[in-house]
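Here's the structure, in structure tokens; my notes come after.
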Amino acid sequence: MTVQNRIKKFIEEKGISRYKFWQDTKLGRDTAYRLCNDPNYIPTGSVLDKICTTYKVQPGEFLLWLPDDEPGLEALADNLISEVDEMPEIQKHSRKQSADQLDGIVLPFERRSA
């Protein structure tokens, strides 16, 4: 099993330079550039948190798991990622749903102000 980071593809799709990625995330320079240059470099939890917080994304948008036993999955994985991007949002339902909605997604809790 192999996990790869897709930071290079992620920032290219968003039109972000490597330098801007480094500046935006406030990561160490070597870490930011290594993430862009080495798809086998897997970020630590704190690095994942900085990237997700900065760009408001889930780790699955820039990390990919590939099974070892199947050759040529990188191209297949790219196709699957693009298919997932095209899929419509799925609403999840629970017993206690709030009337609050965000972009058509029903939240499973009530929104309260602080």
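How things are named: the first chain in the structure tokens is A, the next is B, and so on; residues count from 1 in each chain; ligands count from 1 in the order shown.
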
Original post:
Within 7 Å of range 57-68 of chain A, counting only C-alpha atoms, which residues qualify if same-chain residues fewer than 4 places away don't, as a PyMOL selection string?
Top reply: chain A and resi 1-7+10+48+52+73

Any chance you could export the current selection's all heavy atoms as a PDB file, in the first residue's frame?
ATOM      1  N   MET A   1       0.837  -1.182   0.000  1.00  0.00           N
ATOM      2  CA  MET A   1       0.000   0.000   0.000  1.00  0.00           C
ATOM      3  C   MET A   1       0.879   1.241   0.000  1.00  0.00           C
ATOM      4  O   MET A   1       1.841   1.304   0.742  1.00  0.00           O
ATOM      5  CB  MET A   1      -0.893   0.018   1.237  1.00  0.00           C
ATOM      6  CG  MET A   1      -1.922  -1.082   1.249  1.00  0.00           C
ATOM      7  SD  MET A   1      -2.847  -1.101   2.763  1.00  0.00           S
ATOM      8  CE  MET A   1      -1.839  -2.214   3.724  1.00  0.00           C
ATOM      9  N   THR A   2       0.524   2.186  -0.804  1.00  0.00           N
ATOM     10  CA  THR A   2       1.298   3.402  -0.920  1.00  0.00           C
ATOM     11  C   THR A   2       0.373   4.604  -0.805  1.00  0.00           C
ATOM     12  O   THR A   2      -0.682   4.642  -1.419  1.00  0.00           O
ATOM     13  CB  THR A   2       2.010   3.455  -2.291  1.00  0.00           C
ATOM     14  OG1 THR A   2       2.819   2.300  -2.424  1.00  0.00           O
ATOM     15  CG2 THR A   2       2.854   4.699  -2.414  1.00  0.00           C
ATOM     16  N   VAL A   3       0.789   5.553  -0.022  1.00  0.00           N
ATOM     17  CA  VAL A   3       0.081   6.824   0.049  1.00  0.00           C
ATOM     18  C   VAL A   3       0.951   7.851  -0.647  1.00  0.00           C
ATOM     19  O   VAL A   3       2.163   7.886  -0.441  1.00  0.00           O
ATOM     20  CB  VAL A   3      -0.191   7.253   1.506  1.00  0.00           C
ATOM     21  CG1 VAL A   3      -0.829   8.627   1.559  1.00  0.00           C
ATOM     22  CG2 VAL A   3      -1.073   6.228   2.201  1.00  0.00           C
ATOM     23  N   GLN A   4       0.349   8.648  -1.493  1.00  0.00           N
ATOM     24  CA  GLN A   4       1.086   9.705  -2.181  1.00  0.00           C
ATOM     25  C   GLN A   4       0.421  11.039  -1.918  1.00  0.00           C
ATOM     26  O   GLN A   4      -0.800  11.125  -1.780  1.00  0.00           O
ATOM     27  CB  GLN A   4       1.095   9.465  -3.686  1.00  0.00           C
ATOM     28  CG  GLN A   4       1.946   8.312  -4.113  1.00  0.00           C
ATOM     29  CD  GLN A   4       2.044   8.210  -5.627  1.00  0.00           C
ATOM     30  OE1 GLN A   4       1.221   8.752  -6.353  1.00  0.00           O
ATOM     31  NE2 GLN A   4       3.059   7.523  -6.098  1.00  0.00           N
ATOM     32  N   ASN A   5       1.250  12.070  -1.871  1.00  0.00           N
ATOM     33  CA  ASN A   5       0.666  13.402  -1.771  1.00  0.00           C
ATOM     34  C   ASN A   5       0.507  13.948  -3.188  1.00  0.00           C
ATOM     35  O   ASN A   5       1.305  13.669  -4.069  1.00  0.00           O
ATOM     36  CB  ASN A   5       1.500  14.317  -0.864  1.00  0.00           C
ATOM     37  CG  ASN A   5       2.640  15.013  -1.551  1.00  0.00           C
ATOM     38  OD1 ASN A   5       2.439  15.783  -2.493  1.00  0.00           O
ATOM     39  ND2 ASN A   5       3.852  14.756  -1.099  1.00  0.00           N
ATOM     40  N   ARG A   6      -0.536  14.689  -3.393  1.00  0.00           N
ATOM     41  CA  ARG A   6      -0.832  15.296  -4.694  1.00  0.00           C
ATOM     42  C   ARG A   6      -0.816  16.819  -4.592  1.00  0.00           C
ATOM     43  O   ARG A   6      -1.588  17.500  -5.251  1.00  0.00           O
ATOM     44  CB  ARG A   6      -2.215  14.831  -5.179  1.00  0.00           C
ATOM     45  CG  ARG A   6      -2.351  13.345  -5.378  1.00  0.00           C
ATOM     46  CD  ARG A   6      -1.468  12.937  -6.534  1.00  0.00           C
ATOM     47  NE  ARG A   6      -1.580  11.503  -6.755  1.00  0.00           N
ATOM     48  CZ  ARG A   6      -1.748  10.959  -7.928  1.00  0.00           C
ATOM     49  NH1 ARG A   6      -1.819  11.702  -8.993  1.00  0.00           N
ATOM     50  NH2 ARG A   6      -1.827   9.668  -8.043  1.00  0.00           N
ATOM     51  N   ILE A   7       0.079  17.333  -3.749  1.00  0.00           N
ATOM     52  CA  ILE A   7       0.157  18.774  -3.542  1.00  0.00           C
ATOM     53  C   ILE A   7       0.462  19.492  -4.853  1.00  0.00           C
ATOM     54  O   ILE A   7      -0.155  20.518  -5.162  1.00  0.00           O
ATOM     55  CB  ILE A   7       1.220  19.128  -2.476  1.00  0.00           C
ATOM     56  CG1 ILE A   7       0.807  18.594  -1.109  1.00  0.00           C
ATOM     57  CG2 ILE A   7       1.469  20.631  -2.429  1.00  0.00           C
ATOM     58  CD1 ILE A   7      -0.416  19.234  -0.509  1.00  0.00           C
ATOM     59  N   PHE A  10      -2.634  19.627  -6.826  1.00  0.00           N
ATOM     60  CA  PHE A  10      -3.582  20.451  -6.074  1.00  0.00           C
ATOM     61  C   PHE A  10      -3.316  21.941  -6.294  1.00  0.00           C
ATOM     62  O   PHE A  10      -4.229  22.700  -6.614  1.00  0.00           O
ATOM     63  CB  PHE A  10      -3.485  20.089  -4.583  1.00  0.00           C
ATOM     64  CG  PHE A  10      -4.300  20.950  -3.670  1.00  0.00           C
ATOM     65  CD1 PHE A  10      -5.668  20.769  -3.563  1.00  0.00           C
ATOM     66  CD2 PHE A  10      -3.700  21.935  -2.901  1.00  0.00           C
ATOM     67  CE1 PHE A  10      -6.422  21.553  -2.712  1.00  0.00           C
ATOM     68  CE2 PHE A  10      -4.444  22.722  -2.044  1.00  0.00           C
ATOM     69  CZ  PHE A  10      -5.804  22.536  -1.947  1.00  0.00           C
ATOM     70  N   LEU A  48      -0.520  18.599   7.748  1.00  0.00           N
ATOM     71  CA  LEU A  48      -1.848  18.393   7.159  1.00  0.00           C
ATOM     72  C   LEU A  48      -2.827  19.439   7.677  1.00  0.00           C
ATOM     73  O   LEU A  48      -3.612  20.008   6.917  1.00  0.00           O
ATOM     74  CB  LEU A  48      -2.378  16.998   7.506  1.00  0.00           C
ATOM     75  CG  LEU A  48      -1.781  15.815   6.774  1.00  0.00           C
ATOM     76  CD1 LEU A  48      -2.288  14.522   7.386  1.00  0.00           C
ATOM     77  CD2 LEU A  48      -2.099  15.874   5.301  1.00  0.00           C
ATOM     78  N   CYS A  52      -4.910  22.061   5.374  1.00  0.00           N
ATOM     79  CA  CYS A  52      -6.378  22.001   5.389  1.00  0.00           C
ATOM     80  C   CYS A  52      -6.982  23.302   5.904  1.00  0.00           C
ATOM     81  O   CYS A  52      -7.973  23.799   5.360  1.00  0.00           O
ATOM     82  CB  CYS A  52      -6.856  20.828   6.238  1.00  0.00           C
ATOM     83  SG  CYS A  52      -6.466  19.220   5.534  1.00  0.00           S
ATOM     84  N   LEU A  73      -1.762   2.114 -11.461  1.00  0.00           N
ATOM     85  CA  LEU A  73      -2.922   2.721 -10.821  1.00  0.00           C
ATOM     86  C   LEU A  73      -2.845   4.236 -10.742  1.00  0.00           C
ATOM     87  O   LEU A  73      -3.848   4.880 -10.501  1.00  0.00           O
ATOM     88  CB  LEU A  73      -3.114   2.158  -9.418  1.00  0.00           C
ATOM     89  CG  LEU A  73      -3.764   0.787  -9.373  1.00  0.00           C
ATOM     90  CD1 LEU A  73      -3.930   0.336  -7.942  1.00  0.00           C
ATOM     91  CD2 LEU A  73      -5.109   0.798 -10.066  1.00  0.00           C
TER      92      LEU A  73
END

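CA of Leu27 in chain A sits 18.1 Å away from CA of Lys9 in chain A.
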
Subject >> Ser17 in chain A surroundings by only C-alpha atoms, 10 Å radius, close-in-sequence under 6 positions cut, as a ChimeraX atom specification >> reply: /A:8,11,23,36

**OP:** Tell me, as an MDAnalysis selection string, which residues lie within 10 Å of Thr54 in chain A, counting only C-alpha atoms; anything in the same chain fewer than 2 positions away does not count.
**Re:** chainID A and resid 21 24:26 48:52 56:57

Those same residues - C-alpha atoms - I'd like them written as an mmCIF file, in the first residue's frame.
data_model
loop_
_atom_site.group_PDB
_atom_site.id
_atom_site.type_symbol
_atom_site.label_atom_id
_atom_site.label_comp_id
_atom_site.auth_asym_id
_atom_site.auth_seq_id
_atom_site.Cartn_x
_atom_site.Cartn_y
_atom_site.Cartn_z
ATOM 1 C CA PHE A 21 1.860 27.709 -1.229
ATOM 2 C CA ASP A 24 0.096 30.834 2.512
ATOM 3 C CA THR A 25 0.602 27.750 4.680
ATOM 4 C CA LYS A 26 3.464 29.199 6.754
ATOM 5 C CA LEU A 48 -1.848 18.393 7.159
ATOM 6 C CA ASP A 49 -3.683 20.653 9.586
ATOM 7 C CA LYS A 50 -1.946 23.787 8.252
ATOM 8 C CA ILE A 51 -2.752 22.893 4.630
ATOM 9 C CA CYS A 52 -6.378 22.001 5.389
ATOM 10 C CA LYS A 56 -10.377 24.875 3.777
ATOM 11 C CA VAL A 57 -10.083 21.380 2.251
#
